[in-house]
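What follows is run22.cif (mmCIF, C-alpha atoms).
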data_my_file
#
loop_
_atom_site.label_atom_id
_atom_site.label_comp_id
_atom_site.auth_asym_id
_atom_site.auth_seq_id
_atom_site.Cartn_x
_atom_site.Cartn_y
_atom_site.Cartn_z
CA MET A 1 -5.06 -37.06 -4.98
CA GLN A 2 -3.44 -38.34 -8.16
CA THR A 3 -6.83 -39.01 -9.75
CA LYS A 4 -8.01 -35.50 -8.90
CA GLN A 5 -4.86 -33.85 -10.21
CA THR A 6 -4.66 -35.74 -13.50
CA GLU A 7 -8.35 -35.65 -14.47
CA GLN A 8 -9.34 -34.32 -17.90
CA LEU A 9 -10.35 -30.68 -17.63
CA SER A 10 -12.55 -28.79 -20.07
CA LEU A 11 -11.56 -25.37 -21.35
CA PHE A 12 -14.74 -23.84 -19.94
CA LYS A 13 -14.13 -25.34 -16.49
CA LEU A 14 -10.67 -23.79 -16.42
CA THR A 15 -11.50 -20.52 -18.13
CA TRP A 16 -14.50 -19.05 -16.31
CA PRO A 17 -12.73 -18.77 -12.93
CA ILE A 18 -9.66 -17.31 -14.68
CA PHE A 19 -11.97 -14.81 -16.40
CA ILE A 20 -13.47 -13.74 -13.08
CA GLU A 21 -10.08 -13.67 -11.40
CA LEU A 22 -8.66 -11.43 -14.12
CA ALA A 23 -11.73 -9.21 -13.95
CA LEU A 24 -11.27 -8.88 -10.21
CA HIS A 25 -7.53 -8.32 -10.55
CA MET A 26 -8.04 -5.62 -13.15
CA GLY A 27 -10.84 -4.32 -11.00
CA THR A 28 -8.30 -3.55 -8.28
CA GLY A 29 -6.58 -1.03 -10.54
CA ILE A 30 -9.85 0.30 -11.92
CA ILE A 31 -11.28 0.81 -8.43
CA ALA A 32 -8.17 2.68 -7.29
CA THR A 33 -8.13 4.83 -10.44
CA LEU A 34 -11.87 5.53 -10.31
CA MET A 35 -11.80 6.53 -6.66
CA LEU A 36 -8.75 8.74 -7.12
CA ALA A 37 -10.16 10.26 -10.32
CA ASN A 38 -13.07 11.59 -8.24
CA TYR A 39 -10.50 12.85 -5.73
CA SER A 40 -8.07 14.40 -8.25
CA ASP A 41 -7.16 13.86 -11.93
CA ALA A 42 -3.54 14.55 -10.97
CA ALA A 43 -3.60 11.83 -8.30
CA ALA A 44 -5.17 9.34 -10.72
CA SER A 45 -2.58 10.12 -13.42
CA ALA A 46 0.31 9.81 -10.96
CA VAL A 47 -0.92 6.48 -9.60
CA GLY A 48 -1.40 5.23 -13.16
CA VAL A 49 2.25 5.96 -13.94
CA ALA A 50 3.39 4.53 -10.58
CA ASN A 51 1.46 1.35 -11.28
CA GLN A 52 3.25 1.05 -14.61
CA ILE A 53 6.55 1.05 -12.71
CA LEU A 54 5.26 -1.49 -10.19
CA ASN A 55 4.09 -3.70 -13.04
CA VAL A 56 7.68 -3.95 -14.25
CA PHE A 57 8.67 -5.46 -10.90
CA ILE A 58 5.62 -7.70 -10.78
CA LEU A 59 6.54 -9.03 -14.22
CA ILE A 60 9.88 -10.15 -12.80
CA PHE A 61 7.88 -12.53 -10.61
CA SER A 62 6.35 -14.01 -13.76
CA VAL A 63 9.70 -15.74 -14.30
CA THR A 64 8.46 -18.25 -11.77
CA SER A 65 4.80 -18.14 -12.72
CA VAL A 66 5.34 -18.99 -16.40
CA GLY A 67 7.85 -21.72 -15.63
CA ALA A 68 5.74 -23.24 -12.85
CA THR A 69 2.55 -23.25 -14.94
CA ILE A 70 4.22 -25.08 -17.81
CA LEU A 71 6.39 -27.50 -15.83
CA ILE A 72 3.74 -28.46 -13.27
CA GLY A 73 1.22 -28.92 -16.08
CA GLN A 74 3.61 -31.11 -18.05
CA ALA A 75 4.46 -33.13 -14.94
CA ILE A 76 0.77 -33.76 -14.25
CA GLY A 77 0.21 -34.70 -17.89
CA ALA A 78 3.07 -37.20 -17.60
CA LYS A 79 1.56 -38.44 -14.28
CA GLN A 80 4.67 -37.45 -12.29
CA ILE A 81 2.90 -36.00 -9.25
CA LYS A 82 5.92 -35.93 -6.95
CA LYS A 83 7.84 -33.90 -9.49
CA SER A 84 4.98 -31.43 -9.80
CA ARG A 85 5.22 -30.81 -6.05
CA ASP A 86 8.96 -30.29 -6.25
CA PHE A 87 8.40 -27.62 -8.88
CA ALA A 88 5.76 -25.99 -6.67
CA ARG A 89 8.15 -25.68 -3.71
CA SER A 90 10.94 -24.35 -5.92
CA ALA A 91 8.59 -21.73 -7.41
CA VAL A 92 7.72 -20.41 -3.94
CA THR A 93 11.39 -20.31 -2.92
CA LEU A 94 12.40 -18.40 -6.03
CA ASN A 95 9.70 -15.77 -5.62
CA MET A 96 10.46 -15.30 -1.93
CA GLY A 97 13.95 -14.17 -2.89
CA LEU A 98 12.80 -12.05 -5.83
CA GLY A 99 10.06 -10.39 -3.80
CA SER A 100 12.45 -9.42 -1.01
CA MET A 101 14.91 -7.86 -3.46
CA MET A 102 12.25 -5.88 -5.31
CA VAL A 103 10.95 -4.29 -2.10
CA VAL A 104 14.42 -2.88 -1.44
CA VAL A 105 14.85 -1.65 -5.03
CA ILE A 106 11.51 0.19 -5.17
CA LEU A 107 12.05 1.87 -1.80
CA LEU A 108 15.53 3.07 -2.77
CA PHE A 109 14.93 4.08 -6.38
CA GLY A 110 11.18 4.71 -6.72
CA GLU A 111 11.49 8.47 -7.07
CA THR A 112 14.31 8.08 -9.61
CA PHE A 113 12.08 5.88 -11.77
CA LEU A 114 9.23 8.41 -11.63
CA ASN A 115 11.49 11.27 -12.67
CA LEU A 116 12.23 9.44 -15.92
CA PHE A 117 8.72 10.36 -17.11
CA GLY A 118 9.26 14.10 -16.87
CA LEU A 119 6.17 14.54 -14.66
CA SER A 120 5.22 17.74 -12.86
CA ASP A 121 6.19 18.16 -9.20
CA GLU A 122 2.60 17.50 -8.10
CA LEU A 123 2.41 14.22 -10.00
CA VAL A 124 5.82 13.10 -8.71
CA GLU A 125 4.74 13.81 -5.12
CA HIS A 126 1.62 11.65 -5.46
CA GLY A 127 3.53 8.93 -7.33
CA VAL A 128 6.38 8.65 -4.82
CA LEU A 129 3.95 8.32 -1.92
CA PHE A 130 2.09 5.53 -3.72
CA LEU A 131 5.29 3.67 -4.67
CA GLN A 132 6.77 3.79 -1.16
CA ILE A 133 3.66 2.33 0.42
CA VAL A 134 2.54 -0.21 -2.20
CA GLY A 135 6.17 -1.24 -2.74
CA LEU A 136 6.07 -2.86 0.70
CA SER A 137 3.56 -5.39 -0.64
CA LEU A 138 5.77 -6.61 -3.51
CA PHE A 139 7.00 -9.48 -1.31
CA ALA A 140 3.41 -10.62 -0.79
CA GLU A 141 2.59 -10.14 -4.48
CA ALA A 142 5.54 -12.33 -5.49
CA LEU A 143 4.27 -15.20 -3.35
CA ILE A 144 0.67 -14.63 -4.47
CA ILE A 145 1.76 -15.06 -8.09
CA ALA A 146 3.66 -18.28 -7.31
CA LEU A 147 0.89 -19.83 -5.22
CA SER A 148 -1.83 -18.88 -7.71
CA SER A 149 0.13 -20.48 -10.55
CA ILE A 150 0.41 -23.68 -8.50
CA LEU A 151 -3.34 -23.80 -7.94
CA ARG A 152 -4.15 -23.07 -11.60
CA SER A 153 -1.69 -25.70 -12.82
CA HIS A 154 -3.64 -28.29 -10.83
CA GLY A 155 -6.92 -27.11 -12.35
CA LEU A 156 -7.97 -25.28 -9.17
CA THR A 157 -8.69 -22.01 -10.92
CA LYS A 158 -11.69 -21.26 -8.69
CA HIS A 159 -9.46 -21.29 -5.62
CA ALA A 160 -6.99 -18.82 -7.12
CA MET A 161 -9.99 -16.63 -7.94
CA LEU A 162 -10.96 -16.44 -4.27
CA ALA A 163 -7.72 -14.72 -3.33
CA THR A 164 -8.23 -12.05 -5.98
CA LEU A 165 -11.81 -11.55 -4.79
CA LEU A 166 -10.49 -10.91 -1.28
CA ILE A 167 -7.98 -8.37 -2.64
CA ASP A 168 -10.72 -6.55 -4.54
CA ILE A 169 -13.08 -6.36 -1.57
CA ILE A 170 -10.44 -4.98 0.78
CA THR A 171 -9.09 -2.56 -1.85
CA ALA A 172 -12.56 -1.30 -2.75
CA VAL A 173 -13.60 -0.69 0.85
CA GLY A 174 -10.26 0.93 1.69
CA ALA A 175 -10.29 3.14 -1.42
CA ILE A 176 -13.84 4.35 -0.76
CA LEU A 177 -13.01 5.20 2.84
CA ALA A 178 -9.77 6.93 1.78
CA VAL A 179 -11.41 9.41 -0.60
CA THR A 180 -14.89 9.93 0.88
CA GLY A 181 -14.23 10.30 4.59
CA TRP A 182 -17.27 8.21 5.52
CA PHE A 183 -17.98 7.54 9.19
CA GLY A 184 -16.00 10.64 10.13
CA LEU A 185 -12.69 9.16 8.96
CA PRO A 186 -10.04 11.53 7.57
CA ILE A 187 -9.69 11.77 3.78
CA THR A 188 -6.29 10.22 3.12
CA GLY A 189 -6.35 10.12 -0.71
CA VAL A 190 -3.37 8.38 -2.33
CA ALA A 191 -1.93 7.14 0.97
CA GLY A 192 -5.21 5.55 2.05
CA VAL A 193 -5.70 3.76 -1.27
CA ALA A 194 -2.11 2.52 -1.18
CA TRP A 195 -2.43 1.09 2.36
CA ALA A 196 -5.66 -0.65 1.37
CA ILE A 197 -3.76 -2.46 -1.42
CA VAL A 198 -1.00 -3.51 1.02
CA ILE A 199 -3.47 -4.94 3.53
CA ALA A 200 -5.38 -6.68 0.74
CA ARG A 201 -2.29 -8.44 -0.66
CA PHE A 202 -1.02 -9.74 2.67
CA SER A 203 -4.51 -11.01 3.52
CA ALA A 204 -4.70 -12.84 0.17
CA LEU A 205 -1.26 -14.37 0.78
CA ILE A 206 -2.44 -16.00 4.00
CA LEU A 207 -5.54 -17.35 2.25
CA LEU A 208 -3.50 -18.83 -0.63
CA PHE A 209 -1.07 -20.68 1.65
CA TRP A 210 -4.07 -22.22 3.40
CA LEU A 211 -5.76 -23.19 0.11
CA VAL A 212 -2.62 -24.88 -1.25
CA LYS A 213 -2.11 -26.84 1.95
CA ARG A 214 -5.79 -27.82 2.25
CA ASN A 215 -6.47 -28.80 -1.38
CA LEU A 216 -3.11 -30.08 -2.61
CA SER A 217 -1.51 -31.20 0.66
CA ILE A 218 1.65 -29.36 -0.39
CA ARG A 219 3.70 -28.15 2.56
CA PHE A 220 6.68 -25.84 2.47
CA PRO A 221 9.28 -27.02 5.02
CA ILE A 222 11.87 -24.37 5.85
CA ARG A 223 14.60 -26.81 4.83
CA ASP A 224 13.18 -27.12 1.30
CA LEU A 225 12.67 -23.37 1.01
CA ILE A 226 16.25 -22.62 2.04
CA ARG A 227 17.80 -25.40 -0.06
CA PRO A 228 15.61 -25.98 -3.14
CA LYS A 229 16.59 -28.50 -5.81
CA GLN A 230 18.95 -26.72 -8.14
CA GLU A 231 17.80 -28.67 -11.20
CA ASP A 232 14.23 -27.54 -10.58
CA ILE A 233 15.29 -23.90 -10.25
CA ARG A 234 17.23 -24.19 -13.51
CA ALA A 235 14.21 -25.72 -15.27
CA LEU A 236 11.94 -22.90 -14.02
CA LEU A 237 14.41 -20.26 -15.15
CA GLN A 238 15.01 -21.96 -18.48
CA ILE A 239 11.38 -21.39 -19.43
CA GLY A 240 10.54 -18.39 -17.27
CA VAL A 241 13.46 -16.05 -17.96
CA PRO A 242 12.91 -15.65 -21.72
CA SER A 243 9.18 -15.07 -21.20
CA ALA A 244 9.78 -12.61 -18.38
CA GLY A 245 12.43 -10.89 -20.49
CA GLU A 246 9.84 -10.32 -23.19
CA ASN A 247 7.35 -8.94 -20.68
CA LEU A 248 9.96 -6.66 -19.13
CA SER A 249 10.95 -5.39 -22.56
CA TYR A 250 7.28 -4.67 -23.24
CA GLN A 251 6.94 -2.68 -20.02
CA PHE A 252 10.07 -0.66 -20.77
CA SER A 253 8.80 0.05 -24.28
CA GLN A 254 5.52 1.21 -22.72
CA ILE A 255 7.46 3.49 -20.38
CA VAL A 256 9.15 5.09 -23.40
CA ILE A 257 5.78 5.49 -25.15
CA THR A 258 4.26 6.94 -21.97
CA GLY A 259 7.07 9.48 -22.11
CA PHE A 260 5.90 10.40 -25.64
CA ILE A 261 2.35 10.82 -24.35
CA ALA A 262 3.49 12.96 -21.41
CA THR A 263 4.81 15.54 -23.90
CA MET A 264 1.31 15.78 -25.42
CA GLY A 265 -0.12 17.29 -22.23
CA GLU A 266 -1.85 16.12 -19.06
CA ALA A 267 -5.18 15.56 -20.87
CA SER A 268 -3.56 12.96 -23.13
CA LEU A 269 -1.78 11.32 -20.20
CA ALA A 270 -5.00 11.10 -18.20
CA ALA A 271 -6.88 9.81 -21.25
CA ARG A 272 -4.29 7.07 -21.68
CA ILE A 273 -4.75 5.93 -18.07
CA TYR A 274 -8.54 5.84 -18.37
CA VAL A 275 -8.57 4.20 -21.81
CA MET A 276 -6.09 1.55 -20.65
CA ASN A 277 -8.43 0.70 -17.78
CA LEU A 278 -11.34 0.33 -20.20
CA THR A 279 -9.38 -1.69 -22.76
CA MET A 280 -8.59 -4.24 -20.09
CA VAL A 281 -12.27 -5.20 -20.23
CA ALA A 282 -11.85 -6.22 -23.88
CA LEU A 283 -8.73 -8.17 -22.95
CA LEU A 284 -10.38 -10.17 -20.19
CA PHE A 285 -11.83 -12.98 -22.26
CA THR A 286 -8.79 -13.23 -24.53
CA ILE A 287 -6.34 -13.60 -21.66
CA ALA A 288 -8.59 -15.97 -19.72
CA ILE A 289 -9.15 -18.35 -22.61
CA ALA A 290 -5.47 -18.13 -23.59
CA GLN A 291 -4.37 -19.08 -20.07
CA GLY A 292 -6.86 -21.93 -19.88
CA THR A 293 -5.64 -23.20 -23.24
CA GLN A 294 -2.05 -22.90 -22.08
CA LEU A 295 -2.75 -25.14 -19.09
CA LEU A 296 -4.44 -27.76 -21.27
CA ILE A 297 -1.75 -27.70 -23.95
CA ALA A 298 0.94 -28.19 -21.30
CA ARG A 299 -0.87 -31.36 -20.20
CA ASP A 300 -1.26 -32.45 -23.85
CA ILE A 301 2.47 -32.09 -24.36
CA GLY A 302 3.24 -33.97 -21.14
CA GLY A 303 1.04 -36.79 -22.46
CA LYS A 304 2.48 -36.51 -26.02
CA ARG A 305 -0.90 -35.58 -27.56
CA TYR A 306 0.55 -33.22 -30.16
CA ASN A 307 -2.31 -33.15 -32.67
CA GLU A 308 -4.78 -32.42 -29.89
CA ALA A 309 -2.61 -29.49 -28.80
CA ARG A 310 -2.39 -28.12 -32.36
CA LEU A 311 -6.16 -28.16 -32.93
CA ARG A 312 -6.92 -26.77 -29.46
CA ALA A 313 -4.95 -23.56 -30.09
CA ILE A 314 -6.61 -22.85 -33.46
CA LYS A 315 -10.09 -23.36 -32.01
CA THR A 316 -9.27 -21.02 -29.15
CA LEU A 317 -7.94 -18.41 -31.56
CA LYS A 318 -11.24 -18.16 -33.44
CA ILE A 319 -13.21 -17.71 -30.23
CA ALA A 320 -10.82 -15.13 -28.77
CA MET A 321 -10.67 -12.95 -31.89
CA SER A 322 -14.46 -12.87 -32.21
CA ALA A 323 -15.00 -12.07 -28.54
CA SER A 324 -12.40 -9.29 -28.51
CA LEU A 325 -13.97 -7.63 -31.56
CA ILE A 326 -17.45 -7.69 -30.01
CA ALA A 327 -16.17 -6.33 -26.67
CA SER A 328 -14.22 -3.56 -28.43
CA PHE A 329 -17.28 -2.47 -30.39
CA GLY A 330 -19.33 -2.23 -27.19
CA LEU A 331 -16.68 -0.10 -25.47
CA ALA A 332 -16.36 2.22 -28.46
CA LEU A 333 -20.13 2.60 -28.86
CA PHE A 334 -20.53 3.77 -25.27
CA GLY A 335 -17.08 5.35 -25.01
CA GLU A 336 -18.17 8.84 -24.01
CA GLN A 337 -20.39 7.55 -21.21
CA LEU A 338 -17.72 5.12 -19.96
CA LEU A 339 -15.00 7.77 -19.90
CA GLY A 340 -17.48 9.99 -18.08
CA LEU A 341 -17.30 7.54 -15.15
CA PHE A 342 -13.66 8.56 -14.67
CA THR A 343 -13.69 12.26 -15.46
CA SER A 344 -15.91 15.21 -16.35
CA ASN A 345 -13.06 16.97 -18.17
CA PRO A 346 -14.27 17.42 -21.81
CA ASP A 347 -10.67 17.62 -23.11
CA ILE A 348 -9.84 14.17 -21.72
CA ILE A 349 -13.06 12.66 -23.11
CA ALA A 350 -12.47 14.23 -26.54
CA VAL A 351 -9.00 12.68 -26.68
CA GLY A 352 -10.12 9.28 -25.41
CA VAL A 353 -13.21 8.49 -27.55
CA PRO A 354 -11.38 8.14 -30.93
CA VAL A 355 -8.85 5.87 -29.23
CA LEU A 356 -11.64 3.52 -28.12
CA TRP A 357 -12.75 3.22 -31.76
CA ALA A 358 -9.18 2.36 -32.73
CA MET A 359 -9.51 -0.70 -30.47
CA LEU A 360 -11.60 -2.34 -33.21
CA LEU A 361 -8.38 -2.62 -35.19
CA LEU A 362 -6.12 -3.39 -32.26
CA GLU A 363 -7.88 -6.07 -30.24
CA PRO A 364 -8.33 -8.91 -32.80
CA GLY A 365 -4.61 -8.69 -33.58
CA ARG A 366 -3.80 -8.71 -29.90
CA ALA A 367 -5.99 -11.80 -29.45
CA MET A 368 -4.02 -13.63 -32.13
CA ASN A 369 -0.75 -12.63 -30.51
CA ILE A 370 -1.75 -13.58 -26.96
CA VAL A 371 -3.37 -16.92 -27.78
CA LEU A 372 -0.75 -18.28 -30.17
CA MET A 373 2.35 -16.91 -28.46
CA GLY A 374 1.01 -18.34 -25.18
CA SER A 375 0.44 -21.69 -26.85
CA LEU A 376 4.01 -21.72 -28.16
CA LYS A 377 5.34 -21.01 -24.68
CA SER A 378 3.23 -23.78 -23.17
CA VAL A 379 5.01 -26.38 -25.33
CA GLY A 380 8.39 -24.92 -24.36
CA ASP A 381 9.03 -22.99 -27.59
CA VAL A 382 9.85 -19.82 -25.67
CA ARG A 383 12.69 -18.26 -27.67
CA PHE A 384 10.67 -17.55 -30.82
CA PRO A 385 7.94 -15.48 -29.05
CA VAL A 386 10.64 -13.55 -27.20
CA MET A 387 12.66 -12.69 -30.31
CA ILE A 388 9.64 -11.64 -32.36
CA GLY A 389 8.11 -9.81 -29.39
CA ILE A 390 11.16 -7.71 -28.56
CA ALA A 391 11.85 -6.90 -32.21
CA SER A 392 8.25 -5.81 -32.80
CA MET A 393 7.60 -3.86 -29.62
CA TRP A 394 10.66 -1.68 -30.24
CA GLY A 395 10.91 -1.77 -34.04
CA VAL A 396 7.18 -1.33 -34.62
CA ALA A 397 5.35 -0.08 -31.49
CA VAL A 398 7.94 2.45 -30.28
CA VAL A 399 9.11 3.63 -33.70
CA PHE A 400 5.62 4.10 -35.13
CA SER A 401 4.30 5.62 -31.89
CA TYR A 402 6.89 8.34 -32.31
CA LEU A 403 6.17 8.67 -36.03
CA PHE A 404 2.35 8.64 -35.84
CA GLY A 405 1.90 10.28 -32.45
CA LEU A 406 4.51 13.04 -32.51
CA GLN A 407 5.84 13.53 -36.03
CA LEU A 408 2.49 13.24 -37.84
CA GLY A 409 0.62 14.95 -35.00
CA LEU A 410 -2.00 12.21 -34.49
CA GLY A 411 -1.45 12.30 -30.74
CA ILE A 412 -2.62 9.40 -28.61
CA LEU A 413 -4.70 8.04 -31.52
CA GLY A 414 -1.46 7.57 -33.45
CA ILE A 415 -0.04 5.67 -30.48
CA TRP A 416 -2.95 3.21 -30.63
CA LEU A 417 -2.51 2.76 -34.38
CA ALA A 418 1.13 1.86 -33.72
CA PHE A 419 0.01 -0.64 -31.07
CA SER A 420 -2.25 -2.23 -33.69
CA LEU A 421 0.63 -2.69 -36.14
CA ASP A 422 2.71 -4.27 -33.38
CA GLU A 423 0.04 -6.78 -32.33
CA TRP A 424 -0.86 -7.86 -35.89
CA PHE A 425 2.82 -8.20 -36.79
CA ARG A 426 3.47 -10.53 -33.86
CA GLY A 427 0.22 -12.39 -34.35
CA PHE A 428 1.01 -13.12 -38.00
CA PHE A 429 4.38 -14.69 -37.19
CA ALA A 430 2.91 -16.70 -34.31
CA PHE A 431 0.16 -18.07 -36.57
CA ARG A 432 2.63 -19.08 -39.25
CA ARG A 433 4.90 -20.86 -36.77
CA TRP A 434 2.04 -22.70 -35.09
CA LYS A 435 0.58 -23.88 -38.40
CA ARG A 436 3.96 -25.11 -39.62
CA GLY A 437 4.38 -27.22 -36.46
CA ALA A 438 8.00 -26.26 -35.83
CA TRP A 439 7.24 -26.25 -32.10
CA GLN A 440 6.93 -30.05 -32.08
CA GLU A 441 10.69 -30.35 -32.65
CA LYS A 442 11.77 -27.32 -30.63
CA GLY A 443 9.25 -27.68 -27.82
CA PHE A 444 10.38 -28.57 -24.30
CA GLN A 445 10.43 -32.30 -23.75
CA PHE A 446 9.43 -32.89 -20.15
CA GLU A 447 10.95 -36.32 -19.62
CA ALA A 448 14.34 -35.22 -20.87
CA LYS A 449 14.55 -32.51 -18.22
CA THR A 450 13.05 -34.13 -15.15
CA THR A 451 13.99 -37.80 -15.04
#
For this file, produce the structure as structure tokens.
Amino acid sequence: MQTKQTEQLSLFKLTWPIFIELALHMGTGIIATLMLANYSDAAASAVGVANQILNVFILIFSVTSVGATILIGQAIGAKQIKKSRDFARSAVTLNMGLGSMMVVVILLFGETFLNLFGLSDELVEHGVLFLQIVGLSLFAEALIIALSSILRSHGLTKHAMLATLLIDIITAVGAILAVTGWFGLPITGVAGVAWAIVIARFSALILLFWLVKRNLSIRFPIRDLIRPKQEDIRALLQIGVPSAGENLSYQFSQIVITGFIATMGEASLAARIYVMNLTMVALLFTIAIAQGTQLLIARDIGGKRYNEARLRAIKTLKIAMSASLIASFGLALFGEQLLGLFTSNPDIIAVGVPVLWAMLLLEPGRAMNIVLMGSLKSVGDVRFPVMIGIASMWGVAVVFSYLFGLQLGLGILGIWLAFSLDEWFRGFFAFRRWKRGAWQEKGFQFEAKTT
């Protein structure tokens, strides 16, 4: 087992299953949106906003995911296999508690959160129904995130991919049945799609527990889950909380910006939902290669191979920026046809097409930000990405979204131009810090925290 866990892994071997997993994971949202768009633009818009709220809660679970990915990877790099298992058990325990709490919060305050967007009564009705049903699966989602991070940290990215494939299959079948009424079944719309997601997540949770036990021989005794090692929990939180704080801040900033877009009319709001689904395609490769690089750099740091880590990130950056530019051009070139898959409303398509062309400016900057900020986090230099990220997302993205989108009257196109400024701003500072090598002194030293 030790030989298998500590073997040298290539970036391609790690990345292609992550790429497919992300595609499948994003596919879950795209499938739900596409099915509901054919059912009702109002339902699709409401579910898009509701998913944005749910994503805030899901990001809370990334506290554990980020910490587990880095610490388990560093432990494996340092050949401390027992410690890597301790971190795995602590990650599951932490997310069990977080998942339980978030289910209660979303059930009690879901409607209150939706009302913050100033939506119409029809949209709120659809959104509340979706939140109340899908919110039940947040407990399962929390554990899915923890277990998937454990598998990926051990290089078993293909196994984590299988769980997401199962979620997609169940969600797709359920969504189709919910909006088409095939086989004489009633058309259940938003409720049917929501229940399909719940069933899919709990099914994937069962599969992941089995995969972790079968491939890593990691068991989760009730005693260890109830009384985890406090030093391991602190180590997970030490790395995970700042990163999760940045992600939460980003989601809240997006909620504010979505509020700006809501004042532009329902066509702009619907266009945002559809464009965001399409832009995720351009993000796929960037995020996949960034996550694969993060896993490898964590092992490099555990083994004290600092120069290898430095060169690995720069090489990844060049690939990610090129791929994101090519993907963005393809989406923009066929933008009208792609948006036509979601809606036949000419107003929505007219708003969305120029935004897809703006992605040519946005995506290379976002690639720089994602790859290098992720690399900094993987060595334990988590405070710098958080400080720059929070300052930029509010001081640049929110401020200029208001200025370009509302004050200058550029609408949703102005919002995307503001996003571009934000990503390039963060990417520039990440590049400068990585090249200067400050992370070698400030990076998390595994031995000092775990021996």
Choose the residue, out of A:Leu317, A:Ile144, A:Leu94, A:Val275, that has the smallest atom-to-atom separation from A:Arg227; count only C-alpha atoms.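 For A:Arg227, the nearest of the candidates is A:Leu94.
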Interatomic distance (Å, one decimal) between atom CA of A:Ser84 and atom CA of A:Leu376: 20.8 Å
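Nearest residue to A:Leu341, choosing from A:Met321, A:Leu278, A:Ala288, A:Ala175 and counting only C-alpha atoms: A:Leu278.
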Any chance you could work out the residue set of the PyMOL selection byres ((chain A and resi 180-194) around 8) here, as an NGL selection string? :A and (32 or 36 or 39 or 43 or 47 or 126 or 129-130 or 133-134 or 171 or 174-179 or 195-198)
Go through the shown structure with the PyMOL selection byres ((chain A and resi 167) around 8) and write out the matching residues as a VMD selection string. chain A and resid 25 28 163 to 166 168 to 171 197 200 to 201 203 to 204
Residue by residue, what does the PyMOL selection byres ((chain A and resi 359-373) around 8) grab here? Present the result as a short mmCIF file (atom, residue, chain, number, x, y, z; two decimals) with C-alpha atoms, in the frame of the given file.
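To be explicit, this is the file written out as out11.cif:
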data_model
loop_
_atom_site.label_atom_id
_atom_site.label_comp_id
_atom_site.auth_asym_id
_atom_site.auth_seq_id
_atom_site.Cartn_x
_atom_site.Cartn_y
_atom_site.Cartn_z
CA THR A 279 -9.38 -1.69 -22.76
CA ALA A 282 -11.85 -6.22 -23.88
CA LEU A 283 -8.73 -8.17 -22.95
CA THR A 286 -8.79 -13.23 -24.53
CA ILE A 287 -6.34 -13.60 -21.66
CA ILE A 289 -9.15 -18.35 -22.61
CA ALA A 290 -5.47 -18.13 -23.59
CA ALA A 313 -4.95 -23.56 -30.09
CA THR A 316 -9.27 -21.02 -29.15
CA LEU A 317 -7.94 -18.41 -31.56
CA ALA A 320 -10.82 -15.13 -28.77
CA MET A 321 -10.67 -12.95 -31.89
CA SER A 322 -14.46 -12.87 -32.21
CA SER A 324 -12.40 -9.29 -28.51
CA LEU A 325 -13.97 -7.63 -31.56
CA SER A 328 -14.22 -3.56 -28.43
CA PHE A 329 -17.28 -2.47 -30.39
CA ALA A 332 -16.36 2.22 -28.46
CA VAL A 355 -8.85 5.87 -29.23
CA LEU A 356 -11.64 3.52 -28.12
CA TRP A 357 -12.75 3.22 -31.76
CA ALA A 358 -9.18 2.36 -32.73
CA GLY A 374 1.01 -18.34 -25.18
CA SER A 375 0.44 -21.69 -26.85
CA LEU A 376 4.01 -21.72 -28.16
CA LYS A 377 5.34 -21.01 -24.68
CA PRO A 385 7.94 -15.48 -29.05
CA TRP A 416 -2.95 3.21 -30.63
CA LEU A 417 -2.51 2.76 -34.38
CA PHE A 419 0.01 -0.64 -31.07
CA SER A 420 -2.25 -2.23 -33.69
CA LEU A 421 0.63 -2.69 -36.14
CA GLU A 423 0.04 -6.78 -32.33
CA TRP A 424 -0.86 -7.86 -35.89
CA ARG A 426 3.47 -10.53 -33.86
CA GLY A 427 0.22 -12.39 -34.35
CA PHE A 428 1.01 -13.12 -38.00
CA ALA A 430 2.91 -16.70 -34.31
CA PHE A 431 0.16 -18.07 -36.57
CA TRP A 434 2.04 -22.70 -35.09
#
Counting all atoms listed in the file, what is within 12 Å of A:Val63, bar same-chain residues fewer than 4 positions away, as an NGL selection string? :A and (56-59 or 67-70 or 91-92 or 94-95 or 98-99 or 142 or 145-146 or 149 or 233-248)
Residue among A:Ala350, A:Ser65, A:His154, A:Phe12 lying closest to A:Ile218, counting all atoms listed in the file: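 Smallest separation from A:Ile218 among the options: A:His154.
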Using all atoms listed in the file for the distances, tell me which of A:Gly405, A:Gly340, A:Gly411, A:Gly118 is nearest to A:Gly259.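 Using all atoms listed in the file, A:Gly259 sits closest to A:Gly118.
With only the atoms specified (all atoms listed in the file) counting, those residues at most 7 Å away from (0.0, -18.2, -18.1) are Val66, Thr69, Gln291 and Gln294 of chain A.
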What does the file look like for those residues with C-alpha atoms, as a PDB file, in the coordinates of the input?
ATOM      1  CA  VAL A  66       5.340 -18.990 -16.400  1.00  0.00           C
ATOM      2  CA  THR A  69       2.550 -23.250 -14.940  1.00  0.00           C
ATOM      3  CA  GLN A 291      -4.370 -19.080 -20.070  1.00  0.00           C
ATOM      4  CA  GLN A 294      -2.050 -22.900 -22.080  1.00  0.00           C
TER       5      GLN A 294
END
